[in-house]
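Data file: input36.pdb. Format and content: PDB, C-alpha atoms.
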```pdb
MODEL        1
ATOM      1  CA  MET A   1       3.114  -1.917 -10.926  1.00  0.00           C
ATOM      2  CA  ALA A   2       3.406   0.621  -8.128  1.00  0.00           C
ATOM      3  CA  VAL A   3       0.788   1.229  -5.434  1.00  0.00           C
ATOM      4  CA  VAL A   4       1.272   4.601  -3.776  1.00  0.00           C
ATOM      5  CA  SER A   5       0.156   6.212  -0.543  1.00  0.00           C
ATOM      6  CA  ALA A   6      -0.542   9.829   0.273  1.00  0.00           C
ATOM      7  CA  GLN A   7       2.352  12.050   1.265  1.00  0.00           C
ATOM      8  CA  ASN A   8       3.352  11.560   4.878  1.00  0.00           C
ATOM      9  CA  GLY A   9       0.984  13.508   7.130  1.00  0.00           C
ATOM     10  CA  SER A  10      -1.476  14.546   4.438  1.00  0.00           C
ATOM     11  CA  THR A  11      -4.233  12.137   5.502  1.00  0.00           C
ATOM     12  CA  ASP A  12      -4.078  13.428   9.076  1.00  0.00           C
ATOM     13  CA  ALA A  13      -4.154  17.021   7.805  1.00  0.00           C
ATOM     14  CA  LEU A  14      -7.213  16.300   5.672  1.00  0.00           C
ATOM     15  CA  GLU A  15      -8.968  14.665   8.623  1.00  0.00           C
ATOM     16  CA  ARG A  16      -8.268  17.700  10.810  1.00  0.00           C
ATOM     17  CA  ALA A  17      -9.726  19.945   8.113  1.00  0.00           C
ATOM     18  CA  ALA A  18     -12.834  17.765   7.973  1.00  0.00           C
ATOM     19  CA  ARG A  19     -13.293  17.883  11.735  1.00  0.00           C
ATOM     20  CA  ARG A  20     -12.939  21.657  11.741  1.00  0.00           C
ATOM     21  CA  ALA A  21     -15.672  21.897   9.115  1.00  0.00           C
ATOM     22  CA  ALA A  22     -17.922  19.529  11.066  1.00  0.00           C
ATOM     23  CA  SER A  23     -17.486  21.474  14.303  1.00  0.00           C
ATOM     24  CA  ARG A  24     -18.881  24.729  12.928  1.00  0.00           C
ATOM     25  CA  PRO A  25     -22.330  25.985  14.018  1.00  0.00           C
ATOM     26  CA  ARG A  26     -25.237  24.046  12.505  1.00  0.00           C
ATOM     27  CA  ALA A  27     -22.847  21.252  11.466  1.00  0.00           C
ATOM     28  CA  ALA A  28     -23.583  17.641  12.374  1.00  0.00           C
ATOM     29  CA  GLY A  29     -20.628  17.501  14.757  1.00  0.00           C
ATOM     30  CA  ARG A  30     -18.747  14.719  13.000  1.00  0.00           C
ATOM     31  CA  PRO A  31     -17.741  14.214   9.343  1.00  0.00           C
ATOM     32  CA  SER A  32     -19.740  11.623   7.443  1.00  0.00           C
ATOM     33  CA  PRO A  33     -17.746   8.490   6.500  1.00  0.00           C
ATOM     34  CA  ARG A  34     -18.507   8.934   2.795  1.00  0.00           C
ATOM     35  CA  ALA A  35     -17.314  12.529   2.780  1.00  0.00           C
ATOM     36  CA  LEU A  36     -14.161  11.547   4.669  1.00  0.00           C
ATOM     37  CA  ASP A  37     -13.346   8.755   2.216  1.00  0.00           C
ATOM     38  CA  LEU A  38     -13.788  11.155  -0.682  1.00  0.00           C
ATOM     39  CA  LEU A  39     -11.589  13.729   1.023  1.00  0.00           C
ATOM     40  CA  TRP A  40      -8.863  11.220   1.893  1.00  0.00           C
ATOM     41  CA  SER A  41      -8.674  10.079  -1.723  1.00  0.00           C
ATOM     42  CA  ILE A  42      -7.149  13.458  -2.634  1.00  0.00           C
ATOM     43  CA  GLY A  43      -3.825  12.473  -1.072  1.00  0.00           C
ATOM     44  CA  GLU A  44      -3.531   9.155  -2.907  1.00  0.00           C
ATOM     45  CA  ILE A  45      -4.607  10.578  -6.280  1.00  0.00           C
ATOM     46  CA  ARG A  46      -2.055  13.369  -5.904  1.00  0.00           C
ATOM     47  CA  SER A  47       0.699  10.795  -5.327  1.00  0.00           C
ATOM     48  CA  VAL A  48      -0.415   8.779  -8.354  1.00  0.00           C
ATOM     49  CA  ALA A  49      -0.314  11.849 -10.597  1.00  0.00           C
ATOM     50  CA  LEU A  50       3.057  13.066  -9.315  1.00  0.00           C
ATOM     51  CA  LEU A  51       4.804   9.701  -9.657  1.00  0.00           C
ATOM     52  CA  THR A  52       3.340   9.200 -13.138  1.00  0.00           C
ATOM     53  CA  LEU A  53       4.539  12.652 -14.201  1.00  0.00           C
ATOM     54  CA  HIS A  54       8.040  11.981 -12.867  1.00  0.00           C
ATOM     55  CA  LEU A  55       8.219   8.630 -14.641  1.00  0.00           C
ATOM     56  CA  GLU A  56       7.122  10.203 -17.903  1.00  0.00           C
ATOM     57  CA  ALA A  57       9.805  12.879 -17.462  1.00  0.00           C
ATOM     58  CA  LEU A  58      12.357  10.070 -17.139  1.00  0.00           C
ATOM     59  CA  GLY A  59      11.188   8.571 -20.429  1.00  0.00           C
ATOM     60  CA  VAL A  60       9.270   5.691 -18.835  1.00  0.00           C
ATOM     61  CA  SER A  61       5.982   4.624 -20.381  1.00  0.00           C
ATOM     62  CA  ALA A  62       3.678   5.023 -17.399  1.00  0.00           C
ATOM     63  CA  ALA A  63      -0.047   5.221 -16.708  1.00  0.00           C
ATOM     64  CA  GLY A  64      -1.681   6.563 -13.566  1.00  0.00           C
ATOM     65  CA  LEU A  65      -5.080   5.107 -12.710  1.00  0.00           C
ATOM     66  CA  ASN A  66      -7.901   6.477 -10.619  1.00  0.00           C
ATOM     67  CA  VAL A  67      -9.652   4.570  -7.832  1.00  0.00           C
ATOM     68  CA  HIS A  68     -12.419   3.364 -10.116  1.00  0.00           C
ATOM     69  CA  GLU A  69      -9.897   1.930 -12.578  1.00  0.00           C
ATOM     70  CA  THR A  70      -7.966  -0.301 -10.182  1.00  0.00           C
ATOM     71  CA  GLY A  71     -10.773  -2.865 -10.075  1.00  0.00           C
ATOM     72  CA  LEU A  72     -11.012  -3.312  -6.302  1.00  0.00           C
ATOM     73  CA  ARG A  73     -14.639  -3.296  -5.194  1.00  0.00           C
ATOM     74  CA  ILE A  74     -16.369  -4.090  -1.933  1.00  0.00           C
ATOM     75  CA  ALA A  75     -18.786  -6.977  -2.379  1.00  0.00           C
ATOM     76  CA  PRO A  76     -22.466  -6.041  -2.004  1.00  0.00           C
ATOM     77  CA  GLY A  77     -23.766  -6.701   1.482  1.00  0.00           C
ATOM     78  CA  SER A  78     -20.326  -6.822   3.090  1.00  0.00           C
ATOM     79  CA  ARG A  79     -20.184  -5.561   6.653  1.00  0.00           C
ATOM     80  CA  GLY A  80     -16.524  -4.602   6.552  1.00  0.00           C
ATOM     81  CA  VAL A  81     -13.651  -3.867   4.203  1.00  0.00           C
ATOM     82  CA  GLY A  82     -11.388  -6.815   5.007  1.00  0.00           C
ATOM     83  CA  PRO A  83      -9.665  -8.981   2.363  1.00  0.00           C
ATOM     84  CA  GLU A  84     -12.620 -11.368   2.093  1.00  0.00           C
ATOM     85  CA  ALA A  85     -14.944  -8.462   1.243  1.00  0.00           C
ATOM     86  CA  VAL A  86     -12.906  -7.072  -1.673  1.00  0.00           C
ATOM     87  CA  LEU A  87     -13.539  -8.302  -5.212  1.00  0.00           C
ATOM     88  CA  PHE A  88     -11.275  -7.731  -8.219  1.00  0.00           C
ATOM     89  CA  HIS A  89     -12.531  -6.588 -11.620  1.00  0.00           C
ATOM     90  CA  GLY A  90      -9.328  -6.171 -13.573  1.00  0.00           C
ATOM     91  CA  GLU A  91     -10.296  -5.300 -17.138  1.00  0.00           C
ATOM     92  CA  ARG A  92      -8.994  -1.717 -17.071  1.00  0.00           C
ATOM     93  CA  LEU A  93      -5.935  -2.626 -15.049  1.00  0.00           C
ATOM     94  CA  HIS A  94      -4.964  -5.463 -17.384  1.00  0.00           C
ATOM     95  CA  ALA A  95      -5.355  -3.145 -20.378  1.00  0.00           C
ATOM     96  CA  ALA A  96      -3.078  -0.545 -18.753  1.00  0.00           C
ATOM     97  CA  LEU A  97      -0.463  -3.174 -17.887  1.00  0.00           C
ATOM     98  CA  ALA A  98      -0.451  -4.387 -21.481  1.00  0.00           C
ATOM     99  CA  ALA A  99       0.097  -0.872 -22.818  1.00  0.00           C
ATOM    100  CA  HIS A 100       2.648   0.578 -20.368  1.00  0.00           C
ATOM    101  CA  ALA A 101       5.890  -0.367 -18.664  1.00  0.00           C
ATOM    102  CA  VAL A 102       4.681   0.910 -15.279  1.00  0.00           C
ATOM    103  CA  VAL A 103       1.165   1.353 -13.932  1.00  0.00           C
ATOM    104  CA  VAL A 104       0.688   3.533 -10.846  1.00  0.00           C
ATOM    105  CA  VAL A 105      -2.443   3.058  -8.749  1.00  0.00           C
ATOM    106  CA  PRO A 106      -3.745   4.580  -5.502  1.00  0.00           C
ATOM    107  CA  GLY A 107      -3.551   2.531  -2.350  1.00  0.00           C
ATOM    108  CA  PHE A 108      -5.883   2.676   0.649  1.00  0.00           C
ATOM    109  CA  LEU A 109      -9.014   2.931  -1.507  1.00  0.00           C
ATOM    110  CA  ALA A 110     -11.625   0.816  -3.265  1.00  0.00           C
ATOM    111  CA  THR A 111     -15.169   1.401  -4.493  1.00  0.00           C
ATOM    112  CA  ASP A 112     -18.486  -0.040  -3.362  1.00  0.00           C
ATOM    113  CA  SER A 113     -21.327  -1.429  -5.476  1.00  0.00           C
ATOM    114  CA  GLY A 114     -22.603   2.112  -5.959  1.00  0.00           C
ATOM    115  CA  GLU A 115     -19.203   3.317  -7.273  1.00  0.00           C
ATOM    116  CA  MET A 116     -18.612   5.371  -4.131  1.00  0.00           C
ATOM    117  CA  ILE A 117     -15.041   5.589  -2.834  1.00  0.00           C
ATOM    118  CA  VAL A 118     -14.374   3.503   0.292  1.00  0.00           C
ATOM    119  CA  SER A 119     -11.206   3.536   2.409  1.00  0.00           C
ATOM    120  CA  LEU A 120      -9.542   0.297   3.528  1.00  0.00           C
ATOM    121  CA  GLY A 121      -8.501   1.440   6.991  1.00  0.00           C
ATOM    122  CA  ARG A 122      -5.227   2.706   8.396  1.00  0.00           C
ATOM    123  CA  GLY A 123      -2.360   1.181   6.432  1.00  0.00           C
ATOM    124  CA  GLY A 124      -4.819   0.230   3.711  1.00  0.00           C
ATOM    125  CA  SER A 125      -2.253   0.743   0.967  1.00  0.00           C
ATOM    126  CA  ASP A 126      -0.569  -2.441   2.210  1.00  0.00           C
ATOM    127  CA  LEU A 127      -3.841  -4.291   1.657  1.00  0.00           C
ATOM    128  CA  THR A 128      -4.306  -2.740  -1.784  1.00  0.00           C
ATOM    129  CA  ALA A 129      -0.852  -3.919  -2.841  1.00  0.00           C
ATOM    130  CA  VAL A 130      -1.340  -7.449  -1.512  1.00  0.00           C
ATOM    131  CA  LEU A 131      -4.794  -7.864  -3.075  1.00  0.00           C
ATOM    132  CA  LEU A 132      -3.616  -6.641  -6.475  1.00  0.00           C
ATOM    133  CA  ALA A 133      -0.436  -8.733  -6.333  1.00  0.00           C
ATOM    134  CA  ARG A 134      -2.510 -11.804  -5.477  1.00  0.00           C
ATOM    135  CA  SER A 135      -5.089 -11.123  -8.171  1.00  0.00           C
ATOM    136  CA  LEU A 136      -2.454 -10.556 -10.856  1.00  0.00           C
ATOM    137  CA  GLY A 137      -0.433 -13.647  -9.970  1.00  0.00           C
ATOM    138  CA  ALA A 138       2.689 -11.818  -8.777  1.00  0.00           C
ATOM    139  CA  ALA A 139       5.496 -13.875  -7.260  1.00  0.00           C
ATOM    140  CA  ARG A 140       6.027 -11.414  -4.425  1.00  0.00           C
ATOM    141  CA  CYS A 141       4.926  -8.028  -3.108  1.00  0.00           C
ATOM    142  CA  GLU A 142       7.444  -5.410  -1.988  1.00  0.00           C
ATOM    143  CA  LEU A 143       6.327  -2.888   0.626  1.00  0.00           C
ATOM    144  CA  VAL A 144       8.482   0.243   0.798  1.00  0.00           C
ATOM    145  CA  LYS A 145       8.600   1.754   4.286  1.00  0.00           C
ATOM    146  CA  ASP A 146      10.604   4.370   6.189  1.00  0.00           C
ATOM    147  CA  VAL A 147      12.626   1.568   7.825  1.00  0.00           C
ATOM    148  CA  PRO A 148      14.276  -1.439   6.104  1.00  0.00           C
ATOM    149  CA  GLY A 149      11.881  -4.040   7.446  1.00  0.00           C
ATOM    150  CA  TYR A 150      11.114  -5.538  10.836  1.00  0.00           C
ATOM    151  CA  PHE A 151      13.232  -5.048  13.945  1.00  0.00           C
ATOM    152  CA  SER A 152      13.260  -6.615  17.394  1.00  0.00           C
ATOM    153  CA  ALA A 153      12.193  -3.199  18.740  1.00  0.00           C
ATOM    154  CA  ASP A 154      11.337   0.239  17.384  1.00  0.00           C
ATOM    155  CA  PRO A 155      14.642   1.416  15.808  1.00  0.00           C
ATOM    156  CA  HIS A 156      13.551   5.039  16.204  1.00  0.00           C
ATOM    157  CA  ARG A 157      13.441   4.604  19.976  1.00  0.00           C
ATOM    158  CA  ASP A 158      15.862   1.773  20.703  1.00  0.00           C
ATOM    159  CA  SER A 159      19.371   1.975  19.233  1.00  0.00           C
ATOM    160  CA  SER A 160      20.002  -1.674  20.146  1.00  0.00           C
ATOM    161  CA  ALA A 161      17.101  -2.952  18.029  1.00  0.00           C
ATOM    162  CA  GLN A 162      18.134  -5.872  15.826  1.00  0.00           C
ATOM    163  CA  HIS A 163      17.028  -6.191  12.203  1.00  0.00           C
ATOM    164  CA  LEU A 164      14.953  -9.296  11.405  1.00  0.00           C
ATOM    165  CA  PRO A 165      15.873 -10.549   7.914  1.00  0.00           C
ATOM    166  CA  ALA A 166      13.146 -13.200   7.824  1.00  0.00           C
ATOM    167  CA  LEU A 167      10.035 -14.077   9.775  1.00  0.00           C
ATOM    168  CA  THR A 168       6.896 -16.123   9.303  1.00  0.00           C
ATOM    169  CA  PHE A 169       3.445 -14.720   8.708  1.00  0.00           C
ATOM    170  CA  SER A 170       2.505 -15.980  12.161  1.00  0.00           C
ATOM    171  CA  ARG A 171       5.317 -13.974  13.745  1.00  0.00           C
ATOM    172  CA  ALA A 172       4.355 -10.857  11.752  1.00  0.00           C
ATOM    173  CA  LEU A 173       0.770 -11.219  12.974  1.00  0.00           C
ATOM    174  CA  GLU A 174       2.006 -11.547  16.549  1.00  0.00           C
ATOM    175  CA  LEU A 175       3.976  -8.329  16.144  1.00  0.00           C
ATOM    176  CA  ALA A 176       0.902  -6.597  14.706  1.00  0.00           C
ATOM    177  CA  ASP A 177      -1.169  -7.741  17.676  1.00  0.00           C
ATOM    178  CA  ALA A 178       1.527  -6.385  19.980  1.00  0.00           C
ATOM    179  CA  GLY A 179       1.192  -2.931  18.445  1.00  0.00           C
ATOM    180  CA  CYS A 180       3.626  -3.005  15.527  1.00  0.00           C
ATOM    181  CA  ASP A 181       1.933  -1.138  12.672  1.00  0.00           C
ATOM    182  CA  LEU A 182       4.708  -1.563  10.094  1.00  0.00           C
ATOM    183  CA  VAL A 183       2.367  -3.622   7.891  1.00  0.00           C
ATOM    184  CA  GLN A 184      -1.418  -3.597   8.168  1.00  0.00           C
ATOM    185  CA  ARG A 185      -2.684  -6.742   9.880  1.00  0.00           C
ATOM    186  CA  ALA A 186      -5.327  -7.412   7.224  1.00  0.00           C
ATOM    187  CA  ALA A 187      -2.624  -7.254   4.544  1.00  0.00           C
ATOM    188  CA  ILE A 188      -0.504  -9.817   6.395  1.00  0.00           C
ATOM    189  CA  GLU A 189      -3.518 -12.113   6.691  1.00  0.00           C
ATOM    190  CA  ALA A 190      -4.314 -11.785   2.985  1.00  0.00           C
ATOM    191  CA  ALA A 191      -0.699 -12.473   1.999  1.00  0.00           C
ATOM    192  CA  ALA A 192      -0.593 -15.519   4.273  1.00  0.00           C
ATOM    193  CA  ARG A 193      -3.762 -16.968   2.726  1.00  0.00           C
ATOM    194  CA  ALA A 194      -2.313 -16.464  -0.757  1.00  0.00           C
ATOM    195  CA  ALA A 195       1.178 -17.713   0.237  1.00  0.00           C
ATOM    196  CA  LEU A 196       2.468 -14.445  -1.202  1.00  0.00           C
ATOM    197  CA  PRO A 197       5.914 -13.488   0.173  1.00  0.00           C
ATOM    198  CA  LEU A 198       6.214  -9.916   1.418  1.00  0.00           C
ATOM    199  CA  ILE A 199       9.502  -8.058   1.090  1.00  0.00           C
ATOM    200  CA  ILE A 200       9.643  -5.106   3.479  1.00  0.00           C
ATOM    201  CA  ARG A 201      12.292  -2.541   2.539  1.00  0.00           C
ATOM    202  CA  SER A 202      13.222   1.119   2.545  1.00  0.00           C
ATOM    203  CA  LEU A 203      14.165   3.385  -0.350  1.00  0.00           C
ATOM    204  CA  ASP A 204      17.837   2.779   0.421  1.00  0.00           C
ATOM    205  CA  ALA A 205      18.903   0.071  -2.036  1.00  0.00           C
ATOM    206  CA  ARG A 206      21.891  -0.768   0.169  1.00  0.00           C
ATOM    207  CA  ALA A 207      19.817  -1.416   3.283  1.00  0.00           C
ATOM    208  CA  PRO A 208      18.746  -4.925   4.325  1.00  0.00           C
ATOM    209  CA  VAL A 209      15.210  -6.200   3.808  1.00  0.00           C
ATOM    210  CA  SER A 210      12.792  -8.339   5.790  1.00  0.00           C
ATOM    211  CA  VAL A 211      11.048 -11.251   4.105  1.00  0.00           C
ATOM    212  CA  VAL A 212       7.727 -12.440   5.490  1.00  0.00           C
ATOM    213  CA  SER A 213       6.615 -15.870   4.303  1.00  0.00           C
ATOM    214  CA  HIS A 214       5.442 -19.276   5.450  1.00  0.00           C
ATOM    215  CA  ALA A 215       9.043 -20.513   5.213  1.00  0.00           C
ATOM    216  CA  PRO A 216      11.737 -18.052   6.405  1.00  0.00           C
ATOM    217  CA  ALA A 217      14.278 -19.863   4.200  1.00  0.00           C
ATOM    218  CA  VAL A 218      12.716 -17.970   1.295  1.00  0.00           C
ATOM    219  CA  ALA A 219      14.779 -14.999   2.467  1.00  0.00           C
ATOM    220  CA  THR A 220      17.949 -16.444   0.959  1.00  0.00           C
ATOM    221  CA  ALA A 221      16.354 -16.364  -2.474  1.00  0.00           C
ATOM    222  CA  VAL A 222      15.030 -12.820  -2.398  1.00  0.00           C
ATOM    223  CA  SER A 223      17.164 -10.842   0.018  1.00  0.00           C
ATOM    224  CA  HIS A 224      19.465  -9.588  -2.719  1.00  0.00           C
ATOM    225  CA  ILE A 225      16.951  -8.741  -5.439  1.00  0.00           C
ATOM    226  CA  GLU A 226      17.631  -5.501  -7.271  1.00  0.00           C
ATOM    227  CA  PHE A 227      15.469  -2.615  -6.188  1.00  0.00           C
ATOM    228  CA  PRO A 228      13.406  -1.127  -9.068  1.00  0.00           C
ATOM    229  CA  GLU A 229      15.207   1.897 -10.513  1.00  0.00           C
ATOM    230  CA  LEU A 230      12.042   3.962 -10.564  1.00  0.00           C
ATOM    231  CA  CYS A 231      11.881   3.904  -6.764  1.00  0.00           C
ATOM    232  CA  ARG A 232      15.391   5.276  -6.372  1.00  0.00           C
ATOM    233  CA  HIS A 233      14.459   8.603  -7.933  1.00  0.00           C
ATOM    234  CA  PRO A 234      14.386  11.162  -5.090  1.00  0.00           C
ATOM    235  CA  GLU A 235      11.455  13.296  -6.226  1.00  0.00           C
ATOM    236  CA  PRO A 236       8.770  10.610  -6.704  1.00  0.00           C
ATOM    237  CA  ALA A 237       9.808   9.104  -3.397  1.00  0.00           C
ATOM    238  CA  GLN A 238       8.611  12.212  -1.611  1.00  0.00           C
ATOM    239  CA  ALA A 239       4.997  11.339  -2.396  1.00  0.00           C
ATOM    240  CA  GLY A 240       4.832   8.760   0.398  1.00  0.00           C
ATOM    241  CA  GLU A 241       5.298   5.086   0.983  1.00  0.00           C
ATOM    242  CA  GLY A 242       5.020   2.782  -1.985  1.00  0.00           C
ATOM    243  CA  HIS A 243       4.439  -0.821  -2.906  1.00  0.00           C
ATOM    244  CA  VAL A 244       5.975  -2.485  -5.928  1.00  0.00           C
ATOM    245  CA  PHE A 245       5.501  -5.865  -7.520  1.00  0.00           C
ATOM    246  CA  ARG A 246       6.168  -7.433 -10.889  1.00  0.00           C
ATOM    247  CA  THR A 247       3.506  -9.404 -12.721  1.00  0.00           C
ATOM    248  CA  ALA A 248       5.921 -11.500 -14.741  1.00  0.00           C
TER     249      ALA A 248
ENDMDL
END
```

Reformat the file's structure so that it appears as structure tokens.
Amino acid sequence: MAVVSAQNGSTDALERAARRAASRPRAAGRPSPRALDLLWSIGEIRSVALLTLHLEALGVSAAGLNVHETGLRIAPGSRGVGPEAVLFHGERLHAALAAHAVVVVPGFLATDSGEMIVSLGRGGSDLTAVLLARSLGAARCELVKDVPGYFSADPHRDSSAQHLPALTFSRALELADAGCDLVQRAAIEAAARAALPLIIRSLDARAPVSVVSHAPAVATAVSHIEFPELCRHPEPAQAGEGHVFRTA
């Protein structure tokens, strides 16, 4: 299964368009949350469709699902969209997994009890991937980023930054609290509760990875896993960040 994000920068562009519309005369002055969530979903659905089309062109049996088909729903009466508020109704997803080699779903989004689209916050695709991996009984969840995992400092700004091959969930949460947004904090919390190892990697199959778990020794068992061939294809990769996990 692959959970995909919008193309880099598209969510910000859509938000700017929404704010321009809301600033016109007689407008309310700010976009409504429901309208924004609906607008933001365009980026994720586009990525789902493009990756599915590319996989089909490669001869891979693939299915792309819409937000309402992933099965993630906000529990009635919930005051937020954190991991504890998201329920899983997996009938459609299980059927797609049984019929296809790869299922592509949109990250960042769920639905509420009224079937309206709801966003899961900045970095919400991480949370989508973790919640689905947990619900489907996956052994691990791989988060594909623009850097090969965690570093001691921002590698884009500090050339002396050291790669961290393994760290605990507690350490990852500390980094998140210190401003590191590599992985959404809520996703780290959900993975920790489920004891679900996270493998943070880039699209470069030769690059190192970072393993986040309760026991850093897990890194020796997963640091050399083969990267899924579908994520090496250059054109689907342009859609945005991705998240991959196997259900068997």

Padding of 4 Å on every side, edges along x, y and z, all listed atoms of range 4-18 of chain A included: what centre and edge lengths in Å, to one decimal, does that box have, as AutoDock Vina command-line options?
```
--center_x -4.7 --center_y 12.3 --center_z 3.5 --size_x 24.2 --size_y 23.3 --size_z 22.6
```

Gly64 in chain A surroundings by only C-alpha atoms, 8 Å radius, close-in-sequence under 3 positions cut, as a list in words: Val48, Ala49, Thr52, Val103, Val104 and Val105 of chain A

Apply the PyMOL selection byres ((chain A and resi 65-77) around 9) to the displayed file and report the matching residues as a compact mmCIF listing (two decimals) with C-alpha atoms, keeping the file's coordinate frame.
```
# COMPACT_ATOMS: atom_id res chain seq x y z
CA SER A 41 -8.67 10.08 -1.72
CA ILE A 45 -4.61 10.58 -6.28
CA VAL A 48 -0.42 8.78 -8.35
CA ALA A 49 -0.31 11.85 -10.60
CA ALA A 63 -0.05 5.22 -16.71
CA GLY A 64 -1.68 6.56 -13.57
CA SER A 78 -20.33 -6.82 3.09
CA ARG A 79 -20.18 -5.56 6.65
CA GLY A 80 -16.52 -4.60 6.55
CA VAL A 81 -13.65 -3.87 4.20
CA GLY A 82 -11.39 -6.82 5.01
CA GLU A 84 -12.62 -11.37 2.09
CA ALA A 85 -14.94 -8.46 1.24
CA VAL A 86 -12.91 -7.07 -1.67
CA LEU A 87 -13.54 -8.30 -5.21
CA PHE A 88 -11.28 -7.73 -8.22
CA HIS A 89 -12.53 -6.59 -11.62
CA GLY A 90 -9.33 -6.17 -13.57
CA GLU A 91 -10.30 -5.30 -17.14
CA ARG A 92 -8.99 -1.72 -17.07
CA LEU A 93 -5.94 -2.63 -15.05
CA ALA A 96 -3.08 -0.55 -18.75
CA VAL A 103 1.16 1.35 -13.93
CA VAL A 104 0.69 3.53 -10.85
CA VAL A 105 -2.44 3.06 -8.75
CA PRO A 106 -3.74 4.58 -5.50
CA GLY A 107 -3.55 2.53 -2.35
CA LEU A 109 -9.01 2.93 -1.51
CA ALA A 110 -11.62 0.82 -3.26
CA THR A 111 -15.17 1.40 -4.49
CA ASP A 112 -18.49 -0.04 -3.36
CA SER A 113 -21.33 -1.43 -5.48
CA GLU A 115 -19.20 3.32 -7.27
CA MET A 116 -18.61 5.37 -4.13
CA ILE A 117 -15.04 5.59 -2.83
CA VAL A 118 -14.37 3.50 0.29
CA THR A 128 -4.31 -2.74 -1.78
CA LEU A 131 -4.79 -7.86 -3.08
CA LEU A 132 -3.62 -6.64 -6.48
```

Reference answer for the PyMOL selection byres ((chain A and resi 162) around 7), as a count of residues only: 6

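Note that CA of Ala95 in chain A and CA of Glu56 in chain A are 18.4 Å apart.
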
A:Leu51, A:Ala138, A:Ala195, A:Val211 ranked by distance to Ala172 in chain A, top pick (using only C-alpha atoms): A:Val211

Nearest-residue call for Val102 in chain A, choices A:Ala6, A:Leu143, A:Ala62, A:Val130, using all atoms listed in the file: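 Closest candidate: A:Ala62.
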
Computed interatomic separation between CA of Gly124 in chain A and CA of Leu167 in chain A (Å):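 Those two atoms sit 21.5 Å apart.
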
Residues within 9 Å of Ala194 in chain A, all atoms listed in the file, excluding chain neighbours under 4 positions, as a count of residues only: 3

Shell around range 199-201 of chain A at 6 Å using all atoms listed in the file, local window under 5 positions removed, as a ChimeraX atom specification: /A:142-145,148-149,209-211
